[in-house]
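*Asks:* The structure is given below, and queries will be raised subsequently.
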Amino acid sequence: MSITVRYFASLRERLGLDEEQLETEGLQTVADLRRRIAGLRELPERTLVAVNQEYADPDHPLKDGDEVAFFPPVTGG
Amino acid sequence: MSITVRYFASLRERLGLDEEQLETEGLQTVADLRRRIAGLRELPERTLVAVNQEYADPDHPLKDGDEVAFFPPVTGG
Amino acid sequence: MPAYVREQAFDPWREVSEFQARELPAGRFGACASFVGTMREFNEGDDVRAMTLEHYPGMTDKYLEKLIDEAKARWPVLECLVVHRVGPMGPGDPIVLTAVWSAHRAAAFEACRYLMEELKHRAPFWKKETLAAGDERWVEQNTPG
Amino acid sequence: MPAYVREQAFDPWREVSEFQARELPAGRFGACASFVGTMREFNEGDDVRAMTLEHYPGMTDKYLEKLIDEAKARWPVLECLVVHRVGPMGPGDPIVLTAVWSAHRAAAFEACRYLMEELKHRAPFWKKETLAAGDERWVEQNTPG
């Protein structure tokens with residue numbers, strides 16, 4: 001199962017990473033993916049998550065081809 | 001003592017009167033003037049009063065040359 | 001003073017835009033809240049063809065400026081603008097504009113609404129409607145909100 | 001759809017004016033409340049020389065349209081307009097516009113504020129400031145109001 005992971009704003013800059021493809025066999029939910037990524041890189045606690053461009057809870061299920069975005073608290077307007 | 005009395009909107013139309021000069025010897029306050037006018041003409045209960053172009057309470061004192069306006073509830077905006 | 005009574009039709013967004021360019025230092029304000037009241041072609045279930053707005057010249061200006069002073073005393077606002085139409089008008093015509101500039105948004109939102117509510121409840125304007133059939137009536141009171 | 005992300009400078013009052021002329025039937029609406037957020041030359045006590053707004057293309061449009069749907073479900077509003085700038089900009093530049101049209105004023109005021117608050121708290125935009133000395137910083141969080 002392959003997932004596209006995107007990073008935005010200060011998180012993108014801190015990681016020096018815009019987007020990556022992750023093989024995610026054995027991962028069921030957003031919380032699983034988050035733990036996997038936190039094992040690879042520093043992910044601040046206040047990081048928000050969207051799946052396929054909508055906010056997602058930790059127990060949101062993952063499927064092949066999903067786009068999952070991680071980003072800091074928003075500051076628009 | 002002479003007072004200029006002005007009427008606006010539906011009150012002006014109902015009375016057929018825009019402005020009048022009243023001799024007001026013996027009248028101390030807005031309430032006195034209001035009673036005097038109510039003796040001459042029909043003055044609805046919800047009529048508002050301004051003295052010299054500012055809202056005035058019934059006990060507002062009158063003096064020679066004052067401009068006193070009577071008008072219905074406002075409906076601007 | 002930033003309160004104007006107009007006998008001619010006015011373009012509220014041109015007023016806001018020009019007032020801002022003239023009176024507000026670019027970069028000092030972060031927020032502008034505005035409200036435009038426009039004549040509807042219906043009121044209280046009836047079709048309205050035309051309207052005439054009467055006011056109390058002299059008292060009107062004074063009262064609108066007092067409202068602006070009150071808003072400036074209650075909120076950290078930089079500038080306020082109020083424009084009110086009087087005389088005869090038709091459906092779609094702007095009647096009133098209130099606009100407030102401030103550093104942050106809460107003050108602008110709250111002061112703008114305050115100006116409109118106070119204006120509606122206390123400023124000496126009166127509406128007379130001409131209904132579809134041609135008969136006229138004075139509006140008895142404003143809608144609560 | 002009435003939510004737009006713009007990479008160029010925009011004139012918010014021209015947007016409101018043109019949108020109204022194009023989308024709103026004259027005489028049906030009595031109220032238009034609007035808000036414009038503008039870039040300040042100061043933030044959290046520091047002078048700010050420039051700003052860049054990043055967003056999440058795709059999610060942004062979807063989220064702004066969802067907000068408009070929510071506002072329309074909660075209040076009797078006729079139409080909503082949201083415009084948000086992205087990319088590099090300078091002090092005095094408009095960043096965001098929210099505007100709401102309705103028959104009566106309460107719905108317009110409340111829905112307009114709702115759109116702004118929700119946008120600030122949830123829409124995927126991020127500000128990076130360039131300070132007077134040239135150093136850059138990401139804005140950590142929005143002002144509460």
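In the structure tokens, chains take the letters A, B, ... in the order shown, each chain's residues start at 1, and ligands count up from 1 in the order shown.
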Run DSSP on the backbone and tell me which residues of stretch 17-71 of chain B come out as alpha helix (DSSP H); list them as a list in words.
*Replies:*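 Answer for stretch 17-71 of chain B, restricted to alpha helix (DSSP H): Val30, Ala31, Asp32, Leu33, Arg34, Arg35, Arg36, Ile37, Ala38, Gly39 and Leu40 of chain B.
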*Asks:* Using all heavy atoms, can you write the selected residues to a file as a compact mmCIF listing (two decimals), in the first residue's frame?
*Replies:*
# COMPACT_ATOMS: atom_id res chain seq x y z
N VAL B 30 -39.67 69.99 29.52
CA VAL B 30 -40.19 69.29 28.34
C VAL B 30 -41.55 68.67 28.64
O VAL B 30 -42.47 68.73 27.80
CB VAL B 30 -39.17 68.21 27.89
CG1 VAL B 30 -39.83 67.17 26.99
CG2 VAL B 30 -37.99 68.86 27.18
N ALA B 31 -41.70 68.10 29.82
CA ALA B 31 -42.99 67.47 30.18
C ALA B 31 -44.11 68.51 30.18
O ALA B 31 -45.22 68.25 29.71
CB ALA B 31 -42.88 66.77 31.53
N ASP B 32 -43.81 69.71 30.70
CA ASP B 32 -44.81 70.80 30.70
C ASP B 32 -45.22 71.13 29.26
O ASP B 32 -46.42 71.27 28.95
CB ASP B 32 -44.22 72.07 31.34
CG ASP B 32 -43.92 71.90 32.82
OD1 ASP B 32 -44.48 70.96 33.44
OD2 ASP B 32 -43.12 72.69 33.36
N LEU B 33 -44.22 71.27 28.41
CA LEU B 33 -44.50 71.65 27.01
C LEU B 33 -45.33 70.57 26.32
O LEU B 33 -46.27 70.84 25.58
CB LEU B 33 -43.18 71.87 26.26
CG LEU B 33 -43.32 72.19 24.76
CD1 LEU B 33 -44.06 73.52 24.55
CD2 LEU B 33 -41.95 72.24 24.08
N ARG B 34 -44.96 69.33 26.62
CA ARG B 34 -45.66 68.21 26.01
C ARG B 34 -47.15 68.21 26.41
O ARG B 34 -48.03 67.99 25.58
CB ARG B 34 -44.97 66.92 26.43
CG ARG B 34 -45.46 65.72 25.68
CD ARG B 34 -44.63 64.49 26.03
NE ARG B 34 -45.20 63.37 25.33
CZ ARG B 34 -44.50 62.44 24.71
NH1 ARG B 34 -43.19 62.48 24.71
NH2 ARG B 34 -45.10 61.46 24.09
N ARG B 35 -47.39 68.46 27.68
CA ARG B 35 -48.79 68.53 28.15
C ARG B 35 -49.53 69.67 27.45
O ARG B 35 -50.66 69.52 27.02
CB ARG B 35 -48.82 68.75 29.67
CG ARG B 35 -48.91 67.44 30.47
CD ARG B 35 -49.20 67.70 31.95
NE ARG B 35 -48.14 68.47 32.58
CZ ARG B 35 -47.04 67.91 33.10
NH1 ARG B 35 -46.87 66.59 33.08
NH2 ARG B 35 -46.10 68.67 33.65
N ARG B 36 -48.87 70.82 27.35
CA ARG B 36 -49.48 71.97 26.67
C ARG B 36 -49.88 71.59 25.24
O ARG B 36 -51.01 71.83 24.80
CB ARG B 36 -48.50 73.15 26.66
CG ARG B 36 -48.79 74.22 25.60
CD ARG B 36 -49.86 75.21 26.01
NE ARG B 36 -49.40 76.01 27.13
CZ ARG B 36 -48.74 77.17 27.00
NH1 ARG B 36 -48.49 77.66 25.81
NH2 ARG B 36 -48.35 77.85 28.07
N ILE B 37 -48.93 70.98 24.50
CA ILE B 37 -49.20 70.63 23.10
C ILE B 37 -50.27 69.54 23.00
O ILE B 37 -51.15 69.59 22.14
CB ILE B 37 -47.90 70.20 22.39
CG1 ILE B 37 -47.00 71.43 22.22
CG2 ILE B 37 -48.19 69.57 21.03
CD1 ILE B 37 -45.62 71.13 21.72
N ALA B 38 -50.23 68.56 23.92
CA ALA B 38 -51.23 67.49 23.90
C ALA B 38 -52.63 68.05 24.14
O ALA B 38 -53.63 67.44 23.75
CB ALA B 38 -50.88 66.42 24.93
N GLY B 39 -52.71 69.21 24.78
CA GLY B 39 -54.01 69.87 24.95
C GLY B 39 -54.52 70.49 23.66
O GLY B 39 -55.72 70.67 23.47
N LEU B 40 -53.58 70.82 22.76
CA LEU B 40 -53.94 71.46 21.49
C LEU B 40 -54.12 70.46 20.36
O LEU B 40 -54.95 70.65 19.47
CB LEU B 40 -52.82 72.43 21.07
CG LEU B 40 -52.43 73.54 22.04
CD1 LEU B 40 -51.15 74.24 21.58
CD2 LEU B 40 -53.58 74.54 22.17
*Asks:* I'd like the contact shell of stretch 37-43 of chain D - 6 Å cut-off, only C-alpha atoms, skipping same-chain residues fewer than 5 positions apart - returned as a PDB file with N, CA and C atoms, in the first residue's frame.
*Replies:*
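Dumped to part-v3.pdb:
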ATOM      1  N   GLY C  27      -0.764  50.024   6.185  1.00  0.00           N
ATOM      2  CA  GLY C  27       0.118  49.257   7.054  1.00  0.00           C
ATOM      3  C   GLY C  27      -0.221  49.371   8.531  1.00  0.00           C
ATOM      4  N   ARG C  28      -1.046  50.383   8.908  1.00  0.00           N
ATOM      5  CA  ARG C  28      -1.383  50.553  10.324  1.00  0.00           C
ATOM      6  C   ARG C  28      -2.636  49.767  10.704  1.00  0.00           C
ATOM      7  N   GLY C  30      -5.276  46.484  10.201  1.00  0.00           N
ATOM      8  CA  GLY C  30      -5.309  45.118   9.708  1.00  0.00           C
ATOM      9  C   GLY C  30      -6.714  44.660   9.393  1.00  0.00           C
ATOM     10  N   ALA C  31      -7.707  45.491   9.779  1.00  0.00           N
ATOM     11  CA  ALA C  31      -9.095  45.041   9.689  1.00  0.00           C
ATOM     12  C   ALA C  31     -10.002  46.192   9.263  1.00  0.00           C
TER      13      ALA C  31
ATOM     14  N   VAL D  48       7.292  44.647  10.323  1.00  0.00           N
ATOM     15  CA  VAL D  48       7.251  43.603   9.301  1.00  0.00           C
ATOM     16  C   VAL D  48       7.362  44.273   7.934  1.00  0.00           C
ATOM     17  N   PRO D  91       3.067  45.458   3.122  1.00  0.00           N
ATOM     18  CA  PRO D  91       2.143  46.158   4.026  1.00  0.00           C
ATOM     19  C   PRO D  91       1.111  46.967   3.239  1.00  0.00           C
ATOM     20  N   GLY D  92      -0.133  46.923   3.704  1.00  0.00           N
ATOM     21  CA  GLY D  92      -1.225  47.630   3.028  1.00  0.00           C
ATOM     22  C   GLY D  92      -1.954  46.762   2.026  1.00  0.00           C
ATOM     23  N   ASP D  93      -1.382  45.628   1.655  1.00  0.00           N
ATOM     24  CA  ASP D  93      -2.065  44.742   0.702  1.00  0.00           C
ATOM     25  C   ASP D  93      -3.230  44.014   1.366  1.00  0.00           C
ATOM     26  N   PRO D  94      -4.392  43.989   0.726  1.00  0.00           N
ATOM     27  CA  PRO D  94      -5.493  43.157   1.222  1.00  0.00           C
ATOM     28  C   PRO D  94      -5.123  41.677   1.186  1.00  0.00           C
ATOM     29  N   ILE D  95      -5.440  40.967   2.253  1.00  0.00           N
ATOM     30  CA  ILE D  95      -5.162  39.532   2.343  1.00  0.00           C
ATOM     31  C   ILE D  95      -6.433  38.723   2.130  1.00  0.00           C
ATOM     32  N   VAL D  96      -7.510  39.165   2.774  1.00  0.00           N
ATOM     33  CA  VAL D  96      -8.729  38.352   2.744  1.00  0.00           C
ATOM     34  C   VAL D  96      -9.960  39.245   2.699  1.00  0.00           C
TER      35      VAL D  96
END
*Asks:* Might you pull out every residue within 8 Å of B:Leu15, with only C-alpha atoms counted and same-chain residues fewer than 2 positions away left off, and present them as a PyMOL selection string?
*Replies:* chain B and resi 11-13+17+41-42
*Asks:* Given the selection you just returned, output its residues as a file containing N, CA, C and O atoms, formatted as a CSV table (one decimal), in the first residue's frame.
*Replies:*
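To be explicit, this is the file written out as result_4.csv:
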chain,number,residue,atom,x,y,z
B,11,LEU,N,-45.8,62.3,12.2
B,11,LEU,CA,-46.4,63.2,13.1
B,11,LEU,C,-46.7,64.6,12.3
B,11,LEU,O,-47.7,65.2,12.4
B,12,ARG,N,-45.7,65.0,11.6
B,12,ARG,CA,-45.8,66.2,10.8
B,12,ARG,C,-46.9,66.1,9.8
B,12,ARG,O,-47.8,67.0,9.7
B,13,GLU,N,-47.1,65.0,9.2
B,13,GLU,CA,-48.1,64.8,8.2
B,13,GLU,C,-49.5,64.8,8.9
B,13,GLU,O,-50.5,65.4,8.4
B,17,LEU,N,-48.5,70.0,10.1
B,17,LEU,CA,-47.8,71.2,10.7
B,17,LEU,C,-46.3,70.8,10.8
B,17,LEU,O,-45.9,69.7,11.3
B,41,ARG,N,-53.3,69.4,20.4
B,41,ARG,CA,-53.3,68.5,19.2
B,41,ARG,C,-53.1,67.0,19.7
B,41,ARG,O,-52.6,66.8,20.9
B,42,GLU,N,-53.3,66.1,18.8
B,42,GLU,CA,-53.1,64.7,19.2
B,42,GLU,C,-51.7,64.3,19.1
B,42,GLU,O,-51.1,64.3,18.0
